[in-house]
$ cat model.pdb   # PDB, C-alpha atoms, pLDDT in the B column
ATOM      1  CA  MET T 233       7.244 -16.402  19.502  1.00 24.00           C
ATOM      2  CA  THR T 234       4.961 -15.803  16.512  1.00 29.00           C
ATOM      3  CA  PRO T 235       6.568 -17.319  13.399  1.00 32.00           C
ATOM      4  CA  MET T 236       7.700 -15.252  10.463  1.00 40.00           C
ATOM      5  CA  HIS T 237       5.447 -15.298   7.446  1.00 46.00           C
ATOM      6  CA  ASP T 238       5.871 -18.367   5.277  1.00 51.00           C
ATOM      7  CA  PRO T 239       7.935 -17.322   2.210  1.00 45.00           C
ATOM      8  CA  ALA T 240       6.813 -20.390   0.272  1.00 45.00           C
ATOM      9  CA  ALA T 241       3.136 -19.523   0.678  1.00 56.00           C
ATOM     10  CA  GLY T 242       3.319 -15.721   0.682  1.00 63.00           C
ATOM     11  CA  ARG T 243       1.232 -15.572   3.863  1.00 72.00           C
ATOM     12  CA  PRO T 244       1.878 -12.604   6.160  1.00 77.00           C
ATOM     13  CA  THR T 245       1.820 -12.680   9.947  1.00 79.00           C
ATOM     14  CA  THR T 246       1.647  -9.598  12.143  1.00 80.00           C
ATOM     15  CA  GLU T 247       5.001 -10.128  13.836  1.00 78.00           C
ATOM     16  CA  GLY T 248       6.635 -11.273  10.620  1.00 75.00           C
ATOM     17  CA  VAL T 249       5.601  -8.122   8.779  1.00 77.00           C
ATOM     18  CA  ARG T 250       6.652  -5.894  11.673  1.00 76.00           C
ATOM     19  CA  ARG T 251      10.049  -7.573  11.935  1.00 76.00           C
ATOM     20  CA  THR T 252      10.657  -7.424   8.193  1.00 73.00           C
ATOM     21  CA  PHE T 253       9.826  -3.769   7.695  1.00 77.00           C
ATOM     22  CA  SER T 254      11.481  -2.530  10.865  1.00 71.00           C
ATOM     23  CA  THR T 255      14.663  -4.203   9.611  1.00 73.00           C
ATOM     24  CA  ILE T 256      14.643  -2.927   6.021  1.00 74.00           C
ATOM     25  CA  ALA T 257      13.106   0.533   6.622  1.00 72.00           C
ATOM     26  CA  SER T 258      16.278   2.484   5.822  1.00 74.00           C
ATOM     27  CA  ARG T 259      16.783   0.652   2.503  1.00 78.00           C
ATOM     28  CA  TYR T 260      13.171   0.175   1.489  1.00 78.00           C
ATOM     29  CA  ASP T 261      12.953   3.179  -0.855  1.00 81.00           C
ATOM     30  CA  LEU T 262      16.100   2.183  -2.709  1.00 81.00           C
ATOM     31  CA  PHE T 263      14.760  -1.315  -3.263  1.00 80.00           C
ATOM     32  CA  ASN T 264      11.431   0.030  -4.530  1.00 80.00           C
ATOM     33  CA  SER T 265      13.084   2.323  -7.027  1.00 84.00           C
ATOM     34  CA  VAL T 266      15.506  -0.288  -8.369  1.00 85.00           C
ATOM     35  CA  SER T 267      13.083  -3.228  -8.501  1.00 82.00           C
ATOM     36  CA  SER T 268      10.344  -1.217 -10.252  1.00 86.00           C
ATOM     37  CA  LEU T 269      12.769   0.565 -12.602  1.00 85.00           C
ATOM     38  CA  GLY T 270      11.463   3.833 -11.183  1.00 89.00           C
ATOM     39  CA  LEU T 271       7.846   3.109 -12.122  1.00 95.00           C
ATOM     40  CA  ASP T 272       6.712   3.239  -8.499  1.00 95.00           C
ATOM     41  CA  ARG T 273       6.580   7.051  -8.638  1.00 95.00           C
ATOM     42  CA  TYR T 274       4.332   6.949 -11.691  1.00 97.00           C
ATOM     43  CA  TRP T 275       2.018   4.393 -10.062  1.00 97.00           C
ATOM     44  CA  ARG T 276       1.591   6.565  -6.978  1.00 97.00           C
ATOM     45  CA  SER T 277       0.957   9.638  -9.114  1.00 98.00           C
ATOM     46  CA  VAL T 278      -1.890   7.871 -10.915  1.00 98.00           C
ATOM     47  CA  ALA T 279      -3.308   6.696  -7.577  1.00 98.00           C
ATOM     48  CA  VAL T 280      -3.420  10.298  -6.356  1.00 98.00           C
ATOM     49  CA  ARG T 281      -5.337  11.298  -9.478  1.00 98.00           C
ATOM     50  CA  HIS T 282      -7.908   8.576  -8.805  1.00 98.00           C
ATOM     51  CA  ALA T 283      -8.387   9.917  -5.271  1.00 98.00           C
ATOM     52  CA  GLU T 284     -10.004  13.028  -6.785  1.00 98.00           C
ATOM     53  CA  LEU T 285      -8.831  15.288  -3.974  1.00 98.00           C
ATOM     54  CA  THR T 286      -9.955  18.851  -3.352  1.00 98.00           C
ATOM     55  CA  PRO T 287      -8.483  21.562  -1.100  1.00 98.00           C
ATOM     56  CA  ARG T 288     -11.075  20.544   1.524  1.00 98.00           C
ATOM     57  CA  SER T 289     -10.329  16.798   1.485  1.00 98.00           C
ATOM     58  CA  VAL T 290      -9.337  15.119   4.737  1.00 98.00           C
ATOM     59  CA  VAL T 291      -7.228  12.054   3.862  1.00 98.00           C
ATOM     60  CA  LEU T 292      -6.075   8.972   5.745  1.00 98.00           C
ATOM     61  CA  ASP T 293      -3.101   7.080   4.294  1.00 98.00           C
ATOM     62  CA  VAL T 294      -2.882   3.611   5.886  1.00 98.00           C
ATOM     63  CA  ALA T 295       0.110   1.265   5.798  1.00 97.00           C
ATOM     64  CA  ALA T 296       1.949   4.390   4.663  1.00 97.00           C
ATOM     65  CA  GLY T 297       5.408   2.944   5.219  1.00 94.00           C
ATOM     66  CA  THR T 298       8.121   5.449   4.404  1.00 95.00           C
ATOM     67  CA  GLY T 299       5.568   8.017   3.312  1.00 97.00           C
ATOM     68  CA  ASP T 300       5.993   8.136  -0.457  1.00 97.00           C
ATOM     69  CA  LEU T 301       2.249   8.092  -1.136  1.00 98.00           C
ATOM     70  CA  THR T 302       1.621  10.500   1.732  1.00 98.00           C
ATOM     71  CA  MET T 303       4.023  13.006   0.211  1.00 98.00           C
ATOM     72  CA  ALA T 304       2.617  12.479  -3.298  1.00 98.00           C
ATOM     73  CA  ILE T 305      -0.846  13.213  -1.896  1.00 98.00           C
ATOM     74  CA  ALA T 306       0.400  16.426  -0.258  1.00 98.00           C
ATOM     75  CA  ARG T 307       2.434  17.660  -3.218  1.00 97.00           C
ATOM     76  CA  GLN T 308       0.160  16.573  -6.062  1.00 98.00           C
ATOM     77  CA  GLY T 309      -3.327  16.389  -4.528  1.00 98.00           C
ATOM     78  CA  ARG T 310      -2.898  19.301  -2.072  1.00 98.00           C
ATOM     79  CA  PRO T 311      -5.791  18.323   0.235  1.00 98.00           C
ATOM     80  CA  LYS T 312      -6.596  20.041   3.522  1.00 98.00           C
ATOM     81  CA  SER T 313      -4.826  17.349   5.537  1.00 98.00           C
ATOM     82  CA  VAL T 314      -3.384  13.850   5.403  1.00 98.00           C
ATOM     83  CA  MET T 315      -2.969  11.528   8.374  1.00 98.00           C
ATOM     84  CA  SER T 316      -0.130   9.109   7.597  1.00 98.00           C
ATOM     85  CA  THR T 317      -0.264   5.847   9.548  1.00 98.00           C
ATOM     86  CA  ASP T 318       1.646   2.594   9.741  1.00 96.00           C
ATOM     87  CA  PHE T 319       2.047  -0.015  12.465  1.00 93.00           C
ATOM     88  CA  VAL T 320       5.846  -0.157  12.000  1.00 92.00           C
ATOM     89  CA  ALA T 321       7.332   2.842  13.804  1.00 93.00           C
ATOM     90  CA  GLU T 322      10.672   2.583  12.004  1.00 93.00           C
ATOM     91  CA  MET T 323       8.989   3.070   8.631  1.00 92.00           C
ATOM     92  CA  LEU T 324       7.132   6.154   9.839  1.00 96.00           C
ATOM     93  CA  ASP T 325      10.415   7.580  11.176  1.00 95.00           C
ATOM     94  CA  VAL T 326      11.637   7.663   7.565  1.00 94.00           C
ATOM     95  CA  ALA T 327       8.352   9.255   6.468  1.00 96.00           C
ATOM     96  CA  ARG T 328       8.623  12.017   9.067  1.00 97.00           C
ATOM     97  CA  LYS T 329      12.035  12.999   7.738  1.00 96.00           C
ATOM     98  CA  LYS T 330      10.604  13.354   4.237  1.00 95.00           C
ATOM     99  CA  ALA T 331       7.892  15.680   5.508  1.00 97.00           C
ATOM    100  CA  GLN T 332      10.337  18.063   7.175  1.00 95.00           C
ATOM    101  CA  ASP T 333      11.045  19.906   3.927  1.00 91.00           C
ATOM    102  CA  TYR T 334       7.402  20.101   2.823  1.00 95.00           C
ATOM    103  CA  GLN T 335       6.087  23.681   2.629  1.00 94.00           C
ATOM    104  CA  GLY T 336       2.736  23.268   0.850  1.00 95.00           C
ATOM    105  CA  PRO T 337      -0.811  23.878   2.108  1.00 97.00           C
ATOM    106  CA  THR T 338      -1.514  20.337   3.332  1.00 98.00           C
ATOM    107  CA  ALA T 339      -1.272  19.597   7.050  1.00 98.00           C
ATOM    108  CA  ILE T 340       0.611  16.303   7.482  1.00 98.00           C
ATOM    109  CA  GLU T 341       0.404  14.240  10.662  1.00 98.00           C
ATOM    110  CA  PHE T 342       1.818  10.833  11.561  1.00 98.00           C
ATOM    111  CA  GLU T 343       0.507   8.160  13.892  1.00 97.00           C
ATOM    112  CA  VAL T 344       1.496   4.560  14.546  1.00 97.00           C
ATOM    113  CA  ALA T 345      -1.706   2.598  13.886  1.00 97.00           C
ATOM    114  CA  ASP T 346      -2.826  -0.809  12.667  1.00 96.00           C
ATOM    115  CA  ALA T 347      -4.881  -0.513   9.466  1.00 97.00           C
ATOM    116  CA  GLN T 348      -6.945  -3.506  10.606  1.00 97.00           C
ATOM    117  CA  ALA T 349      -8.119  -1.681  13.773  1.00 97.00           C
ATOM    118  CA  LEU T 350      -8.000   2.062  13.167  1.00 98.00           C
ATOM    119  CA  PRO T 351      -8.103   4.450  16.161  1.00 98.00           C
ATOM    120  CA  PHE T 352     -10.329   6.998  14.403  1.00 98.00           C
ATOM    121  CA  ASP T 353     -13.995   7.889  14.675  1.00 98.00           C
ATOM    122  CA  ASP T 354     -16.611   6.804  12.178  1.00 98.00           C
ATOM    123  CA  ALA T 355     -17.002   9.007   9.096  1.00 98.00           C
ATOM    124  CA  SER T 356     -13.807  10.979   9.780  1.00 98.00           C
ATOM    125  CA  PHE T 357     -12.212  11.068   6.321  1.00 98.00           C
ATOM    126  CA  ASP T 358     -13.144  11.945   2.763  1.00 98.00           C
ATOM    127  CA  VAL T 359     -10.546   9.621   1.249  1.00 98.00           C
ATOM    128  CA  VAL T 360      -8.563   6.634   2.527  1.00 98.00           C
ATOM    129  CA  THR T 361      -5.526   5.452   0.575  1.00 98.00           C
ATOM    130  CA  VAL T 362      -3.087   2.563   0.708  1.00 98.00           C
ATOM    131  CA  ALA T 363      -0.117   1.736  -1.512  1.00 98.00           C
ATOM    132  CA  PHE T 364       1.401  -1.752  -1.489  1.00 95.00           C
ATOM    133  CA  GLY T 365       0.160  -2.401   2.028  1.00 94.00           C
ATOM    134  CA  VAL T 366      -3.007  -4.481   1.720  1.00 96.00           C
ATOM    135  CA  ARG T 367      -0.989  -7.488   0.563  1.00 93.00           C
ATOM    136  CA  ASN T 368       0.882  -7.503   3.889  1.00 91.00           C
ATOM    137  CA  MET T 369      -2.204  -7.474   6.103  1.00 94.00           C
ATOM    138  CA  PRO T 370      -3.044 -10.818   7.733  1.00 93.00           C
ATOM    139  CA  ASP T 371      -6.734  -9.809   7.773  1.00 96.00           C
ATOM    140  CA  ARG T 372      -7.387  -7.526   4.806  1.00 96.00           C
ATOM    141  CA  ALA T 373     -11.158  -7.967   5.234  1.00 97.00           C
ATOM    142  CA  ALA T 374     -10.821  -6.234   8.597  1.00 98.00           C
ATOM    143  CA  ASN T 375      -8.948  -3.408   6.887  1.00 98.00           C
ATOM    144  CA  PHE T 376     -11.643  -3.038   4.243  1.00 98.00           C
ATOM    145  CA  ARG T 377     -14.330  -2.827   6.941  1.00 98.00           C
ATOM    146  CA  GLU T 378     -12.288  -0.287   8.878  1.00 98.00           C
ATOM    147  CA  ALA T 379     -11.669   1.840   5.780  1.00 98.00           C
ATOM    148  CA  LYS T 380     -15.399   1.899   5.075  1.00 98.00           C
ATOM    149  CA  ARG T 381     -16.168   2.740   8.701  1.00 98.00           C
ATOM    150  CA  VAL T 382     -13.923   5.816   8.856  1.00 98.00           C
ATOM    151  CA  LEU T 383     -15.026   7.156   5.464  1.00 98.00           C
ATOM    152  CA  LYS T 384     -17.700   9.801   5.163  1.00 98.00           C
ATOM    153  CA  PRO T 385     -20.735   9.065   2.945  1.00 97.00           C
ATOM    154  CA  GLY T 386     -19.571   9.265  -0.655  1.00 97.00           C
ATOM    155  CA  GLY T 387     -15.940   8.725   0.379  1.00 98.00           C
ATOM    156  CA  ARG T 388     -13.381   6.768  -1.613  1.00 98.00           C
ATOM    157  CA  TYR T 389     -10.910   4.039  -0.688  1.00 98.00           C
ATOM    158  CA  VAL T 390      -8.029   4.016  -3.180  1.00 98.00           C
ATOM    159  CA  VAL T 391      -5.992   0.789  -3.146  1.00 98.00           C
ATOM    160  CA  LEU T 392      -2.729   0.653  -5.126  1.00 98.00           C
ATOM    161  CA  GLU T 393      -1.354  -2.880  -5.102  1.00 97.00           C
ATOM    162  CA  PHE T 394       0.590  -5.408  -7.148  1.00 95.00           C
ATOM    163  CA  SER T 395      -1.839  -7.466  -9.178  1.00 96.00           C
ATOM    164  CA  ARG T 396      -2.187 -10.192 -11.797  1.00 95.00           C
ATOM    165  CA  PRO T 397      -1.223  -9.352 -15.410  1.00 96.00           C
ATOM    166  CA  PRO T 398      -4.085 -10.627 -17.602  1.00 95.00           C
ATOM    167  CA  PHE T 399      -1.857 -11.562 -20.569  1.00 96.00           C
ATOM    168  CA  VAL T 400      -0.650 -15.047 -19.639  1.00 95.00           C
ATOM    169  CA  PRO T 401       2.747 -15.049 -21.439  1.00 96.00           C
ATOM    170  CA  PHE T 402       3.680 -11.726 -19.832  1.00 96.00           C
ATOM    171  CA  ARG T 403       2.388 -12.936 -16.461  1.00 94.00           C
ATOM    172  CA  SER T 404       4.684 -15.967 -16.686  1.00 95.00           C
ATOM    173  CA  MET T 405       7.715 -13.772 -17.373  1.00 95.00           C
ATOM    174  CA  TYR T 406       6.744 -11.427 -14.562  1.00 93.00           C
ATOM    175  CA  TYR T 407       6.332 -14.259 -12.071  1.00 93.00           C
ATOM    176  CA  ALA T 408       9.733 -15.626 -13.106  1.00 93.00           C
ATOM    177  CA  TYR T 409      11.192 -12.164 -12.376  1.00 92.00           C
ATOM    178  CA  LEU T 410       9.571 -12.215  -8.935  1.00 91.00           C
ATOM    179  CA  LYS T 411      10.964 -15.666  -8.179  1.00 89.00           C
ATOM    180  CA  THR T 412      14.532 -15.157  -9.408  1.00 90.00           C
ATOM    181  CA  VAL T 413      15.472 -11.473  -9.624  1.00 90.00           C
ATOM    182  CA  ILE T 414      13.617  -9.964  -6.641  1.00 87.00           C
ATOM    183  CA  PRO T 415      15.301 -12.159  -3.978  1.00 87.00           C
ATOM    184  CA  VAL T 416      18.725 -11.343  -5.477  1.00 89.00           C
ATOM    185  CA  LEU T 417      18.032  -7.603  -5.486  1.00 84.00           C
ATOM    186  CA  GLY T 418      16.645  -7.742  -1.979  1.00 81.00           C
ATOM    187  CA  THR T 419      19.697  -9.593  -0.724  1.00 84.00           C
ATOM    188  CA  LEU T 420      22.116  -7.183  -2.403  1.00 85.00           C
ATOM    189  CA  LEU T 421      20.330  -4.030  -1.223  1.00 79.00           C
ATOM    190  CA  THR T 422      19.200  -5.057   2.262  1.00 79.00           C
ATOM    191  CA  GLY T 423      20.912  -8.356   3.115  1.00 78.00           C
ATOM    192  CA  ASP T 424      17.500  -9.891   3.869  1.00 77.00           C
ATOM    193  CA  ARG T 425      16.792 -12.701   1.389  1.00 82.00           C
ATOM    194  CA  PRO T 426      13.866 -14.400   3.222  1.00 80.00           C
ATOM    195  CA  SER T 427      11.809 -11.208   3.240  1.00 77.00           C
ATOM    196  CA  PHE T 428      12.112 -10.857  -0.507  1.00 79.00           C
ATOM    197  CA  LEU T 429      11.292 -14.485  -1.136  1.00 83.00           C
ATOM    198  CA  TYR T 430       8.118 -13.706   0.786  1.00 83.00           C
ATOM    199  CA  LEU T 431       7.564 -10.550  -1.289  1.00 82.00           C
ATOM    200  CA  GLY T 432       7.482 -12.437  -4.573  1.00 84.00           C
ATOM    201  CA  GLU T 433       5.253 -15.195  -3.246  1.00 88.00           C
ATOM    202  CA  SER T 434       2.873 -12.710  -1.626  1.00 89.00           C
ATOM    203  CA  ILE T 435       2.337 -11.066  -5.023  1.00 91.00           C
ATOM    204  CA  ARG T 436       1.695 -14.412  -6.690  1.00 90.00           C
ATOM    205  CA  ALA T 437      -0.764 -15.367  -3.937  1.00 91.00           C
ATOM    206  CA  PHE T 438      -2.668 -12.069  -4.038  1.00 94.00           C
ATOM    207  CA  PRO T 439      -6.207 -12.094  -5.493  1.00 95.00           C
ATOM    208  CA  SER T 440      -6.914 -11.118  -9.073  1.00 96.00           C
ATOM    209  CA  GLN T 441      -8.412  -7.738  -9.840  1.00 98.00           C
ATOM    210  CA  MET T 442     -11.937  -9.166  -9.980  1.00 98.00           C
ATOM    211  CA  SER T 443     -11.495 -11.171  -6.786  1.00 98.00           C
ATOM    212  CA  LEU T 444     -10.221  -8.152  -4.868  1.00 98.00           C
ATOM    213  CA  ALA T 445     -13.201  -6.136  -6.123  1.00 98.00           C
ATOM    214  CA  ARG T 446     -15.501  -8.842  -4.759  1.00 98.00           C
ATOM    215  CA  GLU T 447     -13.806  -8.590  -1.355  1.00 98.00           C
ATOM    216  CA  LEU T 448     -14.362  -4.826  -1.318  1.00 98.00           C
ATOM    217  CA  TYR T 449     -18.031  -5.290  -2.200  1.00 98.00           C
ATOM    218  CA  ALA T 450     -18.295  -7.881   0.594  1.00 98.00           C
ATOM    219  CA  ALA T 451     -16.992  -5.255   3.025  1.00 98.00           C
ATOM    220  CA  GLY T 452     -19.941  -3.041   2.142  1.00 97.00           C
ATOM    221  CA  PHE T 453     -18.627  -0.679  -0.518  1.00 98.00           C
ATOM    222  CA  LYS T 454     -21.322   0.294  -3.014  1.00 96.00           C
ATOM    223  CA  LYS T 455     -19.231   0.809  -6.139  1.00 97.00           C
ATOM    224  CA  VAL T 456     -15.820  -0.661  -7.014  1.00 98.00           C
ATOM    225  CA  SER T 457     -13.730  -0.121 -10.127  1.00 98.00           C
ATOM    226  CA  TRP T 458     -10.149  -0.985 -11.024  1.00 98.00           C
ATOM    227  CA  HIS T 459      -7.547   0.284 -13.429  1.00 98.00           C
ATOM    228  CA  ASN T 460      -4.538  -1.753 -14.590  1.00 98.00           C
ATOM    229  CA  LEU T 461      -1.137  -0.101 -14.921  1.00 98.00           C
ATOM    230  CA  THR T 462       1.994  -1.436 -16.661  1.00 97.00           C
ATOM    231  CA  LEU T 463       0.205  -4.399 -18.251  1.00 97.00           C
ATOM    232  CA  GLY T 464      -1.450  -5.293 -14.965  1.00 97.00           C
ATOM    233  CA  ILE T 465       1.672  -5.521 -12.816  1.00 96.00           C
ATOM    234  CA  VAL T 466      -0.196  -3.189 -10.501  1.00 97.00           C
ATOM    235  CA  ALA T 467      -3.840  -2.191 -10.271  1.00 98.00           C
ATOM    236  CA  ILE T 468      -5.654   0.695  -8.623  1.00 98.00           C
ATOM    237  CA  HIS T 469      -8.979  -0.224  -7.055  1.00 98.00           C
ATOM    238  CA  VAL T 470     -11.354   2.609  -6.152  1.00 98.00           C
ATOM    239  CA  ALA T 471     -14.107   1.615  -3.725  1.00 98.00           C
ATOM    240  CA  GLN T 472     -16.844   4.106  -2.892  1.00 98.00           C
ATOM    241  CA  VAL T 473     -19.071   4.284   0.169  1.00 97.00           C
TER     242      VAL T 473
END
$ encode --input "model.pdb" --output "structure tokens"
Amino acid sequence: MTPMHDPAAGRPTTEGVRRTFSTIASRYDLFNSVSSLGLDRYWRSVAVRHAELTPRSVVLDVAAGTGDLTMAIARQGRPKSVMSTDFVAEMLDVARKKAQDYQGPTAIEFEVADAQALPFDDASFDVVTVAFGVRNMPDRAANFREAKRVLKPGGRYVVLEFSRPPFVPFRSMYYAYLKTVIPVLGTLLTGDRPSFLYLGESIRAFPSQMSLARELYAAGFKKVSWHNLTLGIVAIHVAQV
């Protein structure tokens, strides 16, 4: 059996991530809202703005989880279509329920797919998005290459992810919050303490804004910029083909 990800190191494994998110899918949204003090909605809204969508945009949302970014794209960005994908079927089941009440102009589809090996043709999408999913990919370089492959010339990959606050005193307080408060909240809301120990360590182990930009350049993107939100707790990277 493939081992769970190592909570002490914040390193994801494919089976560990699948097991974690299939288990907590029904409580995942509640945890996000409580742990971020509701800021997660604001972060996704800003990410949609950076996607620069038009009514003709064809969008792929990878590692879409329970579909919060997918629905923000449909309601706020109003593109032609959005394909919402995740490799954990239980998470997408929650996303499908959210889409049932949607009545806007955007066509929304769902497909179980691994963001590191996408089942789509080259140059199929105008925009690819991901929110809080890159950190859980064992091979994010493969995801970056795949995102570039499926984007049309001039397309944009919008990455919303937890990041590294540049102000050291605030970063220290934030990391203490990750180490002490997040596991307690996760245990209370989902009963799964190990997964939330991993969550905090995965954020601490994630590359800095500059380092992540370098990885995107290495994958072949021509232009990469980033934008810090909430003192750098999260960052939005925009990589262009």
$ closest_residue --input "model.pdb" --among "T:Val390, T:Ala279, T:Leu421, T:Val413" --to "Ala257 in chain T" --atoms "all atoms listed in the file"
T:Leu421
$ closest_residue --input "model.pdb" --among "T:Val391, T:Ile340, T:Ala304, T:Ala451" --to "Ala373 in chain T" --atoms "all atoms listed in the file"
T:Ala451
$ resolve_selection --input "model.pdb" --expression "the PyMOL selection byres ((chain T and resi 317) around 8)" --output "list of chain:residue names"
T:Leu292, T:Asp293, T:Val294, T:Ala295, T:Ala296, T:Gly297, T:Met315, T:Ser316, T:Asp318, T:Phe319, T:Leu324, T:Phe342, T:Glu343, T:Val344, T:Ala345, T:Asp346, T:Ala347
$ write_last_selection --input "model.pdb" --atoms "C-alpha atoms" --output "compact mmCIF listing (two decimals), in the frame of the given file"
# COMPACT_ATOMS: atom_id res chain seq x y z
CA LEU T 292 -6.08 8.97 5.74
CA ASP T 293 -3.10 7.08 4.29
CA VAL T 294 -2.88 3.61 5.89
CA ALA T 295 0.11 1.26 5.80
CA ALA T 296 1.95 4.39 4.66
CA GLY T 297 5.41 2.94 5.22
CA MET T 315 -2.97 11.53 8.37
CA SER T 316 -0.13 9.11 7.60
CA ASP T 318 1.65 2.59 9.74
CA PHE T 319 2.05 -0.02 12.46
CA LEU T 324 7.13 6.15 9.84
CA PHE T 342 1.82 10.83 11.56
CA GLU T 343 0.51 8.16 13.89
CA VAL T 344 1.50 4.56 14.55
CA ALA T 345 -1.71 2.60 13.89
CA ASP T 346 -2.83 -0.81 12.67
CA ALA T 347 -4.88 -0.51 9.47
$ closest_atom_pairs --input "model.pdb" --of "range 416-471 of chain T" --to "range 365-370 of chain T" --cutoff "10 Å" --atoms "all atoms listed in the file" --output "JSON lines"
{"residue": "T:Leu431", "atom": "CA", "partner": "T:Asn368", "partner_atom": "CA", "distance": 9.0}
{"residue": "T:Ser434", "atom": "CA", "partner": "T:Arg367", "partner_atom": "CA", "distance": 6.9}
{"residue": "T:Ile435", "atom": "CA", "partner": "T:Arg367", "partner_atom": "CA", "distance": 7.4}
{"residue": "T:Ala437", "atom": "CA", "partner": "T:Arg367", "partner_atom": "CA", "distance": 9.1}
{"residue": "T:Phe438", "atom": "CA", "partner": "T:Arg367", "partner_atom": "CA", "distance": 6.7}
{"residue": "T:Pro439", "atom": "CA", "partner": "T:Arg367", "partner_atom": "CA", "distance": 9.2}
$ resolve_selection --input "model.pdb" --expression "the PyMOL selection byres ((chain T and resi 379) around 12)" --output "ChimeraX atom specification"
/T:291-295,346-362,366,372-378,380-385,387-391,448,451-453,470-473
$ resolve_selection --input "model.pdb" --expression "the PyMOL selection byres ((chain T and resi 415) around 9)" --output "list in words"
Leu410, Lys411, Thr412, Val413, Ile414, Val416, Leu417, Gly418, Thr419, Leu420, Asp424, Arg425, Pro426, Ser427, Phe428, Leu429, Tyr430, Leu431 and Gly432 of chain T
$ closest_residue --input "model.pdb" --among "T:Ala321, T:Val326, T:Leu444, T:Val290" --to "Gly309 in chain T" --atoms "all atoms listed in the file"
T:Val290
$ closest_residue --input "model.pdb" --among "T:Ala339, T:Ile468, T:Ile256, T:Ala450" --to "Ala283 in chain T" --atoms "only C-alpha atoms"
T:Ile468
$ residues_around --input "model.pdb" --residues "range 270-275 of chain T" --least-positions-apart "4" --cutoff "9 Å" --atoms "only C-alpha atoms" --output "list in words"
Asn264, Ser265, Val266, Ala279, Val280, Asp300, Leu301, Ala304, Leu392, Leu461, Thr462, Val466, Ala467 and Ile468 of chain T
$ write_last_selection --input "model.pdb" --atoms "C-alpha atoms" --output "compact mmCIF listing (two decimals), in the frame of the given file"
# COMPACT_ATOMS: atom_id res chain seq x y z
CA ASN T 264 11.43 0.03 -4.53
CA SER T 265 13.08 2.32 -7.03
CA VAL T 266 15.51 -0.29 -8.37
CA ALA T 279 -3.31 6.70 -7.58
CA VAL T 280 -3.42 10.30 -6.36
CA ASP T 300 5.99 8.14 -0.46
CA LEU T 301 2.25 8.09 -1.14
CA ALA T 304 2.62 12.48 -3.30
CA LEU T 392 -2.73 0.65 -5.13
CA LEU T 461 -1.14 -0.10 -14.92
CA THR T 462 1.99 -1.44 -16.66
CA VAL T 466 -0.20 -3.19 -10.50
CA ALA T 467 -3.84 -2.19 -10.27
CA ILE T 468 -5.65 0.70 -8.62
$ atom_distance --input "model.pdb" --atom1 "CA of Met405 in chain T" --atom2 "CA of Thr245 in chain T"
28.0 Å
$ atom_distance --input "model.pdb" --atom1 "CA of Ser268 in chain T" --atom2 "CA of Ile465 in chain T"
10.0 Å
$ closest_residue --input "model.pdb" --among "T:Leu463, T:Ala306, T:Val249, T:Val400" --to "Val320 in chain T" --atoms "only C-alpha atoms"
T:Val249
$ atom_distance --input "model.pdb" --atom1 "CA of Arg307 in chain T" --atom2 "CA of His469 in chain T"
21.6 Å
$ closest_residue --input "model.pdb" --among "T:Val278, T:Pro311, T:Pro337, T:Met323" --to "His459 in chain T" --atoms "only C-alpha atoms"
T:Val278
$ axis_aligned_box --input "model.pdb" --around "range 267-273 of chain T" --padding-each-side "3 Å" --output "lines of an AutoDock Vina configuration file"
center_x = 9.8
center_y = 1.9
center_z = -10.6
size_x = 12.5
size_y = 16.3
size_z = 10.1
$ residues_around --input "model.pdb" --residues "Lys330 in chain T" --least-positions-apart "5" --cutoff "9 Å" --atoms "only C-alpha atoms" --output "CSV table (one decimal) with C-alpha atoms, in the coordinates of the input"
chain,number,residue,atom,x,y,z
T,298,THR,CA,8.1,5.4,4.4
T,299,GLY,CA,5.6,8.0,3.3
T,300,ASP,CA,6.0,8.1,-0.5
T,303,MET,CA,4.0,13.0,0.2
$ decode --input "model.pdb" --residues "range 348-356 of chain T" --atoms "N, CA and C atoms" --output "PDB file, in the first residue's frame"
ATOM      1  N   GLN T 348      -1.984  16.235 -13.403  1.00  0.00           N
ATOM      2  CA  GLN T 348      -0.611  15.968 -13.835  1.00  0.00           C
ATOM      3  C   GLN T 348      -0.556  15.192 -15.152  1.00  0.00           C
ATOM      4  N   ALA T 349      -1.726  14.745 -15.636  1.00  0.00           N
ATOM      5  CA  ALA T 349      -1.814  14.010 -16.911  1.00  0.00           C
ATOM      6  C   ALA T 349      -3.215  14.245 -17.467  1.00  0.00           C
ATOM      7  N   LEU T 350      -3.429  15.394 -18.049  1.00  0.00           N
ATOM      8  CA  LEU T 350      -4.772  15.814 -18.455  1.00  0.00           C
ATOM      9  C   LEU T 350      -5.237  15.092 -19.723  1.00  0.00           C
ATOM     10  N   PRO T 351      -6.505  14.679 -19.762  1.00  0.00           N
ATOM     11  CA  PRO T 351      -7.030  13.944 -20.921  1.00  0.00           C
ATOM     12  C   PRO T 351      -7.625  14.866 -21.982  1.00  0.00           C
ATOM     13  N   PHE T 352      -6.969  15.983 -22.259  1.00  0.00           N
ATOM     14  CA  PHE T 352      -7.492  16.957 -23.210  1.00  0.00           C
ATOM     15  C   PHE T 352      -6.455  17.235 -24.294  1.00  0.00           C
ATOM     16  N   ASP T 353      -6.950  17.645 -25.456  1.00  0.00           N
ATOM     17  CA  ASP T 353      -6.072  17.915 -26.582  1.00  0.00           C
ATOM     18  C   ASP T 353      -5.222  19.159 -26.352  1.00  0.00           C
ATOM     19  N   ASP T 354      -4.148  19.253 -27.089  1.00  0.00           N
ATOM     20  CA  ASP T 354      -3.313  20.448 -27.058  1.00  0.00           C
ATOM     21  C   ASP T 354      -4.133  21.674 -27.460  1.00  0.00           C
ATOM     22  N   ALA T 355      -3.803  22.813 -26.861  1.00  0.00           N
ATOM     23  CA  ALA T 355      -4.399  24.094 -27.237  1.00  0.00           C
ATOM     24  C   ALA T 355      -5.925  24.050 -27.233  1.00  0.00           C
ATOM     25  N   SER T 356      -6.497  23.510 -26.136  1.00  0.00           N
ATOM     26  CA  SER T 356      -7.949  23.367 -26.042  1.00  0.00           C
ATOM     27  C   SER T 356      -8.629  24.473 -25.247  1.00  0.00           C
TER      28      SER T 356
END
